[in-house]
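As provided, structure_32.txt (compact mmCIF, C-alpha atoms) reads as follows.
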# COMPACT_ATOMS: atom_id res chain seq x y z
CA MET A 206 34.94 120.39 331.14
CA ILE A 207 32.06 120.32 333.64
CA LEU A 208 30.08 118.05 331.35
CA SER A 209 33.05 115.72 330.95
CA SER A 210 33.45 115.36 334.72
CA GLY A 211 29.69 114.92 335.07
CA GLY A 212 29.77 112.22 332.42
CA LEU A 213 32.44 110.31 334.25
CA ASN A 214 30.62 110.63 337.57
CA THR A 215 27.50 109.32 335.87
CA MET A 216 29.47 106.32 334.66
CA TYR A 217 30.61 105.42 338.16
CA THR A 218 27.07 105.81 339.48
CA VAL A 219 25.62 103.60 336.75
CA LEU A 220 28.22 100.94 337.45
CA ALA A 221 27.48 100.99 341.17
CA ALA A 222 23.73 100.80 340.56
CA VAL A 223 24.08 97.82 338.23
CA LEU A 224 26.30 96.03 340.73
CA LEU A 225 23.88 96.73 343.56
CA GLY A 226 21.01 95.36 341.52
CA LEU A 227 22.95 92.21 340.79
CA ASN A 228 23.90 91.63 344.39
CA LEU A 229 20.37 92.10 345.65
CA PHE A 230 18.24 90.48 342.97
CA SER A 231 20.30 87.98 340.99
CA ARG A 232 20.45 84.22 341.47
CA TRP A 233 24.26 84.13 341.68
CA SER A 234 26.09 82.41 344.50
CA TRP A 235 27.69 84.63 347.16
CA ARG A 236 31.13 83.80 345.73
CA THR A 237 30.14 85.12 342.31
CA LYS A 238 28.65 88.26 343.82
CA MET A 239 31.86 88.81 345.82
CA MET A 240 33.92 88.44 342.64
CA ALA A 241 31.66 90.96 340.91
CA VAL A 242 32.24 93.47 343.72
CA VAL A 243 36.00 92.94 343.51
CA THR A 244 35.98 93.21 339.70
CA VAL A 245 34.00 96.45 339.75
CA SER A 246 36.33 97.87 342.41
CA ILE A 247 39.31 97.02 340.22
CA SER A 248 37.59 98.63 337.23
CA TYR A 249 37.12 101.84 339.24
CA ILE A 250 40.86 101.92 339.94
CA VAL A 251 41.66 101.11 336.31
CA MET A 252 39.37 103.90 335.11
CA TYR A 253 40.91 106.36 337.57
CA LEU A 254 44.39 105.52 336.32
CA SER A 255 43.33 105.49 332.67
CA PHE A 256 42.33 109.10 332.28
CA PRO A 257 45.62 110.85 333.14
CA PRO A 258 47.44 109.23 330.17
CA LEU A 259 44.76 110.75 327.93
CA LEU A 260 45.30 114.28 329.18
CA GLY A 261 47.72 116.77 327.66
CA TRP A 262 47.45 115.52 324.09
CA PRO A 263 46.04 117.93 321.52
CA SER A 264 42.33 117.99 320.94
CA LYS A 265 40.58 117.69 317.58
CA ASP A 266 37.79 119.99 318.75
CA ALA A 267 37.29 123.33 317.05
CA MET A 268 39.32 126.11 318.63
CA PRO A 269 37.47 128.81 320.61
CA LYS A 270 35.79 131.67 318.78
CA ARG A 271 38.48 134.07 319.98
CA PHE A 272 41.78 132.96 321.46
CA SER A 273 45.30 134.07 322.31
CA ILE A 274 48.03 131.97 320.73
CA ILE A 275 50.83 130.84 322.99
CA GLY A 276 52.57 128.35 320.72
CA VAL A 277 52.47 126.92 317.22
CA TYR A 278 54.04 123.67 316.04
CA MET A 279 53.90 122.31 312.53
CA ARG A 280 54.48 118.89 311.01
CA GLU A 281 54.60 119.02 307.24
CA PRO A 282 53.29 116.11 305.16
CA ASP A 283 55.83 113.38 304.48
CA LYS A 284 55.34 111.50 301.22
CA LEU A 285 57.78 108.77 302.23
CA SER A 286 55.95 107.78 305.38
CA GLY A 287 52.50 108.81 304.15
CA GLU A 288 52.08 111.18 307.07
CA GLU A 289 49.49 113.83 306.22
CA GLY A 290 50.91 116.56 308.35
CA ASN A 291 49.26 118.66 311.03
CA VAL A 292 49.41 122.09 312.60
CA PHE A 293 49.28 122.23 316.39
CA PHE A 294 48.15 125.28 318.33
CA TRP A 295 48.42 126.00 322.04
CA VAL A 296 45.89 128.68 322.88
CA VAL A 297 44.03 130.40 325.68
CA ASP A 298 40.33 131.14 325.30
CA ARG A 299 39.68 134.91 325.38
CA ASP A 300 36.07 134.46 326.40
CA PRO A 301 35.77 136.04 329.88
CA HIS A 302 33.14 133.40 330.72
CA ALA A 303 35.29 130.46 329.63
CA ALA A 304 35.28 127.43 331.91
CA GLN A 305 39.02 127.73 332.47
CA PRO A 306 40.18 131.27 331.74
CA ASN A 307 43.91 131.78 331.23
CA VAL A 308 44.52 128.01 331.03
CA PRO A 309 46.04 126.91 327.72
CA ARG A 310 44.66 124.05 325.64
CA GLY A 311 46.31 122.22 322.77
CA TYR A 312 44.58 121.69 319.42
CA ILE A 313 45.45 119.77 316.30
CA VAL A 314 44.30 121.09 312.93
CA PRO A 315 44.74 119.24 309.62
CA PHE A 316 47.58 120.58 307.48
CA THR A 317 46.83 122.79 304.51
CA PRO A 318 49.42 124.90 302.70
CA GLU A 319 47.44 128.08 303.44
CA LEU A 320 47.14 127.32 307.14
CA HIS A 321 50.81 126.36 307.25
CA ALA A 322 51.83 129.67 305.75
CA ARG A 323 49.67 131.64 308.17
CA ALA A 324 50.81 129.60 311.17
CA LYS A 325 54.41 130.16 310.15
CA GLN A 326 53.82 133.91 310.23
CA VAL A 327 52.20 133.59 313.64
CA GLY A 328 55.19 131.64 314.94
CA ALA A 329 57.61 134.26 313.60
CA LYS A 330 55.68 137.08 315.27
CA LEU A 331 55.48 135.21 318.57
CA LYS A 332 59.26 134.95 318.51
CA LYS A 333 59.43 138.72 318.12
CA ASN A 334 57.28 139.03 321.24
CA ILE A 335 54.24 140.24 319.27
CA PRO A 336 51.22 138.61 320.96
CA GLN A 337 48.94 136.87 318.49
CA VAL A 338 45.21 136.29 318.58
CA GLY A 339 42.99 134.12 316.46
CA GLU A 340 39.34 134.16 315.55
CA GLN A 341 37.08 131.51 314.18
CA GLU A 342 35.33 132.23 310.96
CA GLU A 343 33.22 130.16 308.63
CA ALA A 344 34.85 129.67 305.27
CA ASP A 345 32.78 129.78 302.10
CA LEU A 346 34.07 126.81 300.08
CA GLY A 347 32.37 127.93 296.91
CA THR A 348 30.26 125.94 294.46
CA HIS A 349 33.19 123.66 293.54
CA ASN A 350 32.78 121.93 296.87
CA VAL A 351 29.04 121.36 296.72
CA SER A 352 28.19 117.71 297.24
CA ARG A 353 26.70 115.65 294.46
CA GLU A 354 23.53 115.03 296.43
CA GLN A 355 22.97 118.71 296.82
CA LYS A 356 23.44 119.30 293.11
CA GLU A 357 21.01 116.56 292.12
CA GLY A 358 18.43 118.03 294.44
CA GLY A 359 18.70 121.28 292.54
CA GLN A 360 20.18 123.00 295.55
CA LYS A 361 23.50 124.74 295.72
CA SER A 362 23.73 125.06 299.46
CA ILE A 363 27.28 125.51 300.65
CA LYS A 364 28.59 123.56 303.62
CA PRO A 365 30.57 125.95 305.83
CA LYS A 366 33.92 124.90 307.21
CA ILE A 367 35.63 126.45 310.19
CA ASP A 368 38.65 128.54 309.34
CA TYR A 369 40.84 130.73 311.50
CA VAL A 370 42.11 134.25 311.08
CA PHE A 371 45.21 135.38 312.95
CA SER A 372 46.25 138.90 313.82
CA ASP A 373 48.40 140.90 316.19
CA ALA A 374 46.79 141.34 319.59
CA ALA A 375 45.54 144.84 320.30
CA PRO A 376 47.77 146.60 322.82
CA GLU A 377 46.23 146.65 326.27
CA GLY A 378 44.93 149.95 327.47
CA LEU A 379 45.60 151.64 330.77
CA PRO A 380 44.31 149.71 333.78
CA PRO A 381 40.96 151.15 334.83
CA LYS A 382 40.40 153.05 338.04
CA THR A 383 37.95 151.39 340.37
CA GLY A 384 34.48 151.54 338.86
CA GLU A 385 35.58 152.90 335.47
CA GLU A 386 35.69 151.24 332.05
CA PRO A 387 39.20 150.38 330.71
CA THR A 388 40.63 153.02 328.39
CA ALA A 389 41.99 152.19 324.95
CA ALA A 390 45.70 152.67 324.32
CA PRO A 391 46.47 155.88 322.44
CA SER A 392 47.45 155.27 318.81
CA ARG A 393 51.00 156.19 317.92
CA MET B 159 47.52 107.15 325.32
CA PHE B 160 47.13 103.47 324.43
CA TRP B 161 46.98 102.36 328.07
CA GLY B 162 44.47 105.08 328.85
CA LEU B 163 42.12 103.85 326.14
CA ALA B 164 42.75 100.21 327.04
CA GLY B 165 41.71 100.87 330.62
CA ILE B 166 38.49 102.55 329.54
CA VAL B 167 37.70 99.66 327.18
CA PHE B 168 38.33 97.17 330.01
CA ALA B 169 35.96 98.98 332.38
CA SER B 170 33.35 99.21 329.62
CA LEU B 171 33.54 95.45 329.08
CA VAL B 172 33.10 94.88 332.81
CA LEU B 173 29.96 97.01 332.76
CA ALA B 174 28.63 95.19 329.70
CA ALA B 175 29.18 91.81 331.39
CA LEU B 176 27.42 92.98 334.54
CA ALA B 177 24.48 94.40 332.61
CA LEU B 178 24.12 91.19 330.64
CA ASN B 179 24.07 89.13 333.80
CA LEU B 180 21.56 91.49 335.31
CA ALA B 181 19.32 90.94 332.31
CA LEU B 182 19.70 87.15 332.41
CA ASN B 183 19.96 86.28 336.09
CA SER B 184 17.89 88.75 338.09
CA ASN B 185 14.24 88.51 339.13
CA TRP B 186 13.42 92.05 338.02
CA PRO B 187 10.56 92.69 335.57
CA TRP B 188 11.57 92.78 331.88
CA LEU B 189 10.92 96.52 331.72
CA ILE B 190 13.54 97.20 334.36
CA ARG B 191 16.03 94.86 332.76
CA LEU B 192 15.51 96.58 329.41
CA SER B 193 15.93 99.96 331.09
CA GLY B 194 19.18 98.70 332.64
CA LEU B 195 20.54 97.76 329.22
CA ALA B 196 19.41 101.12 327.80
CA LEU B 197 21.12 102.87 330.70
CA VAL B 198 24.36 101.07 329.84
CA GLY B 199 24.01 102.33 326.26
CA VAL B 200 23.61 105.85 327.61
CA PHE B 201 26.71 105.31 329.71
CA TYR B 202 28.75 104.35 326.66
CA TRP B 203 27.54 107.40 324.76
CA THR B 204 28.23 109.70 327.73
CA THR B 205 31.73 108.31 328.24
CA ALA B 206 32.57 108.61 324.56
CA HIS B 207 31.45 112.26 324.55
CA SER B 208 33.21 112.97 327.85
CA ILE B 209 36.66 112.02 326.64
CA GLY B 210 36.76 114.67 323.91
CA PRO B 211 36.35 117.67 326.24
CA LEU B 212 39.19 116.30 328.38
CA MET B 213 41.67 116.32 325.51
CA GLY B 214 44.04 119.24 325.04
CA TRP B 215 44.19 120.37 328.67
CA ALA B 216 47.52 120.16 330.48
CA THR B 217 48.25 117.03 332.47
CA THR B 218 49.95 116.47 335.81
CA HIS B 219 51.37 113.23 334.46
CA ALA B 220 55.12 112.74 334.89
CA MET B 221 57.11 114.57 332.22
CA PRO B 222 59.39 112.65 329.86
CA GLU B 223 62.98 112.55 331.00
CA ARG B 224 64.12 114.39 327.86
CA PHE B 225 61.93 116.68 325.83
CA SER B 226 62.00 119.46 323.29
CA LEU B 227 60.44 122.64 324.67
CA LEU B 228 57.93 124.29 322.33
CA ALA B 229 56.26 126.95 324.46
CA VAL B 230 55.79 128.14 328.03
CA HIS B 231 52.85 129.72 329.83
CA VAL B 232 53.17 130.95 333.41
CA ILE B 233 50.45 131.90 335.86
CA GLU B 234 52.14 133.64 338.74
CA PRO B 235 50.89 133.31 342.32
CA ASP B 236 48.21 135.79 343.24
CA LYS B 237 47.75 136.64 346.90
CA ALA B 238 44.40 138.31 346.18
CA THR B 239 42.86 135.06 344.90
CA SER B 240 45.10 132.75 347.00
CA SER B 241 46.31 131.18 343.77
CA LYS B 242 49.62 129.37 344.12
CA GLY B 243 50.37 129.80 340.42
CA SER B 244 51.22 127.24 337.77
CA ILE B 245 53.76 126.70 335.04
CA TYR B 246 52.57 125.15 331.78
CA LEU B 247 55.01 123.56 329.38
CA TRP B 248 54.26 122.44 325.82
CA VAL B 249 56.78 119.82 324.78
CA THR B 250 57.52 116.94 322.48
CA ASP B 251 58.95 113.76 323.93
CA LEU B 252 62.57 113.01 323.02
CA GLN B 253 62.90 110.13 325.45
CA HIS B 254 61.73 107.59 322.91
CA GLY B 255 63.32 109.14 319.88
CA ARG B 256 62.35 111.93 317.53
CA GLY B 257 59.45 109.86 316.23
CA GLN B 258 57.29 110.93 319.18
CA TYR B 259 56.43 114.29 317.65
CA LEU B 260 52.95 114.84 319.10
CA PRO B 261 53.19 117.82 321.46
CA ARG B 262 51.80 117.40 324.94
CA ALA B 263 50.96 119.99 327.59
CA TYR B 264 52.07 119.62 331.20
CA VAL B 265 51.23 121.67 334.27
CA LEU B 266 53.69 122.01 337.12
CA PRO B 267 53.54 123.75 340.49
CA PHE B 268 54.95 127.26 340.45
CA THR B 269 58.30 127.67 342.13
CA PRO B 270 60.57 130.71 341.76
CA GLU B 271 63.48 128.47 340.68
CA LEU B 272 61.49 126.75 337.95
CA HIS B 273 59.99 130.07 336.88
CA ALA B 274 63.47 131.53 336.40
CA LYS B 275 64.59 128.51 334.38
CA VAL B 276 61.57 128.48 332.06
CA THR B 277 61.80 132.23 331.58
CA ASP B 278 65.40 131.85 330.40
CA ALA B 279 64.42 128.93 328.18
CA ALA B 280 61.52 130.90 326.68
CA THR B 281 63.85 133.82 325.97
CA LYS B 282 66.20 131.51 324.09
CA LEU B 283 63.28 130.00 322.16
CA ARG B 284 62.40 133.49 320.95
CA LYS B 285 65.99 133.86 319.74
CA ASN B 286 65.50 130.72 317.63
CA LEU B 287 67.60 128.54 319.93
CA PRO B 288 65.71 125.24 320.34
CA GLN B 289 65.67 124.11 323.95
CA LEU B 290 66.18 120.63 325.32
CA GLY B 291 64.73 119.87 328.73
CA GLU B 292 65.92 117.14 331.07
CA VAL B 293 64.10 116.05 334.20
CA ASP B 294 66.17 115.29 337.26
CA PRO B 295 64.56 112.36 339.13
CA ALA B 296 64.96 114.18 342.47
CA PRO B 297 61.98 116.54 342.97
CA ALA B 298 62.82 120.20 343.49
CA GLY B 299 59.96 121.07 345.82
CA GLY B 300 56.59 122.80 345.60
CA THR B 301 53.36 120.85 345.42
CA GLU B 302 50.14 121.27 343.49
CA TYR B 303 47.45 118.73 342.77
CA GLY B 304 49.51 116.42 345.01
CA ILE B 305 52.36 116.53 342.51
CA LYS B 306 55.82 117.69 343.48
CA ALA B 307 57.61 120.01 341.09
CA PRO B 308 60.30 118.10 339.17
CA ASN B 309 63.81 119.47 338.88
CA ILE B 310 64.14 120.45 335.22
CA ASN B 311 67.22 121.78 333.48
CA PHE B 312 67.20 123.37 330.04
CA TYR B 313 70.01 123.28 327.51
CA ASP B 314 70.47 124.52 323.99
CA MET B 315 69.44 121.68 321.66
CA PRO B 316 72.54 120.01 320.20
CA GLU B 317 72.97 120.25 316.43
CA PRO B 318 71.93 117.03 314.64
CA LEU B 319 74.69 115.12 312.84
CA PHE B 320 72.59 114.94 309.70
CA PRO B 321 69.84 117.38 308.69
CA GLU B 322 66.31 116.07 309.09
CA ARG B 323 64.36 115.30 305.95

Mind turning this structure into structure tokens?
Amino acid sequence: MILSSGGLNTMYTVLAAVLLGLNLFSRWSWRTKMMAVVTVSISYIVMYLSFPPLLGWPSKDAMPKRFSIIGVYMREPDKLSGEEGNVFFWVVDRDPHAAQPNVPRGYIVPFTPELHARAKQVGAKLKKNIPQVGEQEEADLGTHNVSREQKEGGQKSIKPKIDYVFSDAAPEGLPPKTGEEPTAAPSR
Amino acid sequence: MFWGLAGIVFASLVLAALALNLALNSNWPWLIRLSGLALVGVFYWTTAHSIGPLMGWATTHAMPERFSLLAVHVIEPDKATSSKGSIYLWVTDLQHGRGQYLPRAYVLPFTPELHAKVTDAATKLRKNLPQLGEVDPAPAGGTEYGIKAPNINFYDMPEPLFPER
């Protein structure tokens, strides 16, 4: 998130620098330079107003390494419309050093029957008030998914794919006293 | 989302036009003009890679007038950290028909009234009662990020006349 804001700030700075260079060193008439200033000002406003409509929609990025699941939403493939189907997750990063701890983020993951089945279980458990957590893991696709180029080169290297494992969240232990480590909940 | 991308494309074209004129009409040495064009290329790359990290996070954009509630996440006010709290809603837009199925996350200022309503709605969701949300144009009060909390009411989703395919 910090990099994304930095990237946008860089964009505005680059635009201002280019405009300044034009106004100082180009052979344009003053009317053309004035129009350039007005156009760039309008583009700043347009950019500012353009980013909010992009926010809130699910991201195609990989989900965090460990996350708490708040919501699951599934769209199954539709042969009639050709829609491929997707599974949407709304999760909170469990990394204590995350840029935005305790702030949920939406993700979109391509539909597979296995993921659909697992997500359905997660949704059912969430409805029973059983908190769910997920972890990233690399899936071994096996030799059937080795690319042709790799086979011709005599190699059988396997390209890992990100997969997710879901489980019930561990019950929280007793809150620690000041200066002590948190205690684990006693097993029943 | 279309207008968001269109605006970014427009601003990118403006920058490209300016950079081209800088290269053609300024008295700067060729090295500086070339560096200017390279800098614009870097700008495009940076912008393209900046949009991705922005996706997925909740928006303060106005909520649709009618939506299907999928999930709720509440951060209550914390006097210790001076946090005013927030209410996050994950919804699908029903305003433009059921075709708009892509879920979107919204963040609203925390108010006790809204907190009570979303808590009830979340309880009903857990009981497998789909919830329909409607936004009252008159704001209820509470402000965060300069946005006033909308007045939202939740109802049990009406049964469809015909089952969905």

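Computed from the coordinates, the CA of Glu271 (chain B) to CA of Gln289 (chain B) distance equals 17.4 Å.
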
**OP:** List every protein, DNA or RNA residue that has an atom no more than 7 Å from (52.0, 131.6, 333.8) in the file's coordinate frame, counting only C-alpha atoms, and report them as a PyMOL selection string.
**Re:** chain B and resi 231-234+244-246

With the cut-off set at 7 Å and counting all atoms listed in the file, tabulate each residue of chain B with an atom at most that distance from an atom of chain A, showing the nearest atom pair and its distance in Å to one decimal, ordered by chain and increasing number, as JSON lines.
{"residue": "B:Met159", "atom": "CA", "partner": "A:Leu259", "partner_atom": "CA", "distance": 5.2}
{"residue": "B:Trp161", "atom": "CA", "partner": "A:Ser255", "partner_atom": "CA", "distance": 6.7}
{"residue": "B:Gly162", "atom": "CA", "partner": "A:Ser255", "partner_atom": "CA", "distance": 4.0}
{"residue": "B:Leu163", "atom": "CA", "partner": "A:Ser255", "partner_atom": "CA", "distance": 6.8}
{"residue": "B:Gly165", "atom": "CA", "partner": "A:Ser255", "partner_atom": "CA", "distance": 5.3}
{"residue": "B:Ile166", "atom": "CA", "partner": "A:Met252", "partner_atom": "CA", "distance": 5.8}
{"residue": "B:Ala169", "atom": "CA", "partner": "A:Ser248", "partner_atom": "CA", "distance": 5.1}
{"residue": "B:Leu173", "atom": "CA", "partner": "A:Leu220", "partner_atom": "CA", "distance": 6.4}
{"residue": "B:Leu176", "atom": "CA", "partner": "A:Val223", "partner_atom": "CA", "distance": 6.9}
{"residue": "B:Ala177", "atom": "CA", "partner": "A:Val223", "partner_atom": "CA", "distance": 6.6}
{"residue": "B:Leu180", "atom": "CA", "partner": "A:Leu227", "partner_atom": "CA", "distance": 5.7}
{"residue": "B:Asn183", "atom": "CA", "partner": "A:Ser231", "partner_atom": "CA", "distance": 5.2}
{"residue": "B:Ser184", "atom": "CA", "partner": "A:Ser231", "partner_atom": "CA", "distance": 3.8}
{"residue": "B:Asn185", "atom": "CA", "partner": "A:Phe230", "partner_atom": "CA", "distance": 5.9}
{"residue": "B:Phe201", "atom": "CA", "partner": "A:Met216", "partner_atom": "CA", "distance": 5.8}
{"residue": "B:Thr204", "atom": "CA", "partner": "A:Gly212", "partner_atom": "CA", "distance": 5.5}
{"residue": "B:Thr205", "atom": "CA", "partner": "A:Gly212", "partner_atom": "CA", "distance": 6.0}
{"residue": "B:Ser208", "atom": "CA", "partner": "A:Ser209", "partner_atom": "CA", "distance": 4.1}
{"residue": "B:Ile209", "atom": "CA", "partner": "A:Ser209", "partner_atom": "CA", "distance": 6.7}
{"residue": "B:Pro211", "atom": "CA", "partner": "A:Met206", "partner_atom": "CA", "distance": 5.8}
{"residue": "B:Leu212", "atom": "CA", "partner": "A:Leu260", "partner_atom": "CA", "distance": 6.5}
{"residue": "B:Met213", "atom": "CA", "partner": "A:Ser264", "partner_atom": "CA", "distance": 4.9}
{"residue": "B:Gly214", "atom": "CA", "partner": "A:Pro263", "partner_atom": "CA", "distance": 4.3}
{"residue": "B:Trp215", "atom": "CA", "partner": "A:Arg310", "partner_atom": "CA", "distance": 4.8}
{"residue": "B:Ala216", "atom": "CA", "partner": "A:Gly261", "partner_atom": "CA", "distance": 4.4}
{"residue": "B:Thr217", "atom": "CA", "partner": "A:Gly261", "partner_atom": "CA", "distance": 4.8}
{"residue": "B:His219", "atom": "CA", "partner": "A:Pro257", "partner_atom": "CA", "distance": 6.4}
{"residue": "B:Leu228", "atom": "CA", "partner": "A:Gly276", "partner_atom": "CA", "distance": 6.9}
{"residue": "B:Ala229", "atom": "CA", "partner": "A:Gly276", "partner_atom": "CA", "distance": 5.4}
{"residue": "B:Pro261", "atom": "CA", "partner": "A:Trp262", "partner_atom": "CA", "distance": 6.7}
{"residue": "B:Arg262", "atom": "CA", "partner": "A:Trp262", "partner_atom": "CA", "distance": 4.8}
{"residue": "B:Ala263", "atom": "CA", "partner": "A:Gly261", "partner_atom": "CA", "distance": 4.6}
{"residue": "B:Tyr264", "atom": "CA", "partner": "A:Gly261", "partner_atom": "CA", "distance": 6.3}
{"residue": "B:Arg284", "atom": "CA", "partner": "A:Lys332", "partner_atom": "CA", "distance": 4.2}
{"residue": "B:Lys285", "atom": "CA", "partner": "A:Lys332", "partner_atom": "CA", "distance": 6.9}

For C-alpha atoms, I'd like the residues from the last selection saved as a PDB file, keeping the file's coordinate frame.
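The result, stored in out_28.pdb:
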ATOM      1  CA  MET B 159      47.520 107.150 325.320  1.00  0.00           C
ATOM      2  CA  TRP B 161      46.980 102.360 328.070  1.00  0.00           C
ATOM      3  CA  GLY B 162      44.470 105.080 328.850  1.00  0.00           C
ATOM      4  CA  LEU B 163      42.120 103.850 326.140  1.00  0.00           C
ATOM      5  CA  GLY B 165      41.710 100.870 330.620  1.00  0.00           C
ATOM      6  CA  ILE B 166      38.490 102.550 329.540  1.00  0.00           C
ATOM      7  CA  ALA B 169      35.960  98.980 332.380  1.00  0.00           C
ATOM      8  CA  LEU B 173      29.960  97.010 332.760  1.00  0.00           C
ATOM      9  CA  LEU B 176      27.420  92.980 334.540  1.00  0.00           C
ATOM     10  CA  ALA B 177      24.480  94.400 332.610  1.00  0.00           C
ATOM     11  CA  LEU B 180      21.560  91.490 335.310  1.00  0.00           C
ATOM     12  CA  ASN B 183      19.960  86.280 336.090  1.00  0.00           C
ATOM     13  CA  SER B 184      17.890  88.750 338.090  1.00  0.00           C
ATOM     14  CA  ASN B 185      14.240  88.510 339.130  1.00  0.00           C
ATOM     15  CA  PHE B 201      26.710 105.310 329.710  1.00  0.00           C
ATOM     16  CA  THR B 204      28.230 109.700 327.730  1.00  0.00           C
ATOM     17  CA  THR B 205      31.730 108.310 328.240  1.00  0.00           C
ATOM     18  CA  SER B 208      33.210 112.970 327.850  1.00  0.00           C
ATOM     19  CA  ILE B 209      36.660 112.020 326.640  1.00  0.00           C
ATOM     20  CA  PRO B 211      36.350 117.670 326.240  1.00  0.00           C
ATOM     21  CA  LEU B 212      39.190 116.300 328.380  1.00  0.00           C
ATOM     22  CA  MET B 213      41.670 116.320 325.510  1.00  0.00           C
ATOM     23  CA  GLY B 214      44.040 119.240 325.040  1.00  0.00           C
ATOM     24  CA  TRP B 215      44.190 120.370 328.670  1.00  0.00           C
ATOM     25  CA  ALA B 216      47.520 120.160 330.480  1.00  0.00           C
ATOM     26  CA  THR B 217      48.250 117.030 332.470  1.00  0.00           C
ATOM     27  CA  HIS B 219      51.370 113.230 334.460  1.00  0.00           C
ATOM     28  CA  LEU B 228      57.930 124.290 322.330  1.00  0.00           C
ATOM     29  CA  ALA B 229      56.260 126.950 324.460  1.00  0.00           C
ATOM     30  CA  PRO B 261      53.190 117.820 321.460  1.00  0.00           C
ATOM     31  CA  ARG B 262      51.800 117.400 324.940  1.00  0.00           C
ATOM     32  CA  ALA B 263      50.960 119.990 327.590  1.00  0.00           C
ATOM     33  CA  TYR B 264      52.070 119.620 331.200  1.00  0.00           C
ATOM     34  CA  ARG B 284      62.400 133.490 320.950  1.00  0.00           C
ATOM     35  CA  LYS B 285      65.990 133.860 319.740  1.00  0.00           C
TER      36      LYS B 285
END

I want to know what sits within 10 Å of Lys282 (chain B), based on only C-alpha atoms, with residues of the same chain fewer than 5 positions away left out; could you give that as a tab-separated table (two decimals) with C-alpha atoms, in the frame of the given file?
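As written to disk, part-v7.tsv reads:
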chain	number	residue	atom	x	y	z
A	332	LYS	CA	59.26	134.95	318.51
B	276	VAL	CA	61.57	128.48	332.06
B	277	THR	CA	61.80	132.23	331.58
B	287	LEU	CA	67.60	128.54	319.93
B	288	PRO	CA	65.71	125.24	320.34
B	289	GLN	CA	65.67	124.11	323.95
B	313	TYR	CA	70.01	123.28	327.51
B	314	ASP	CA	70.47	124.52	323.99
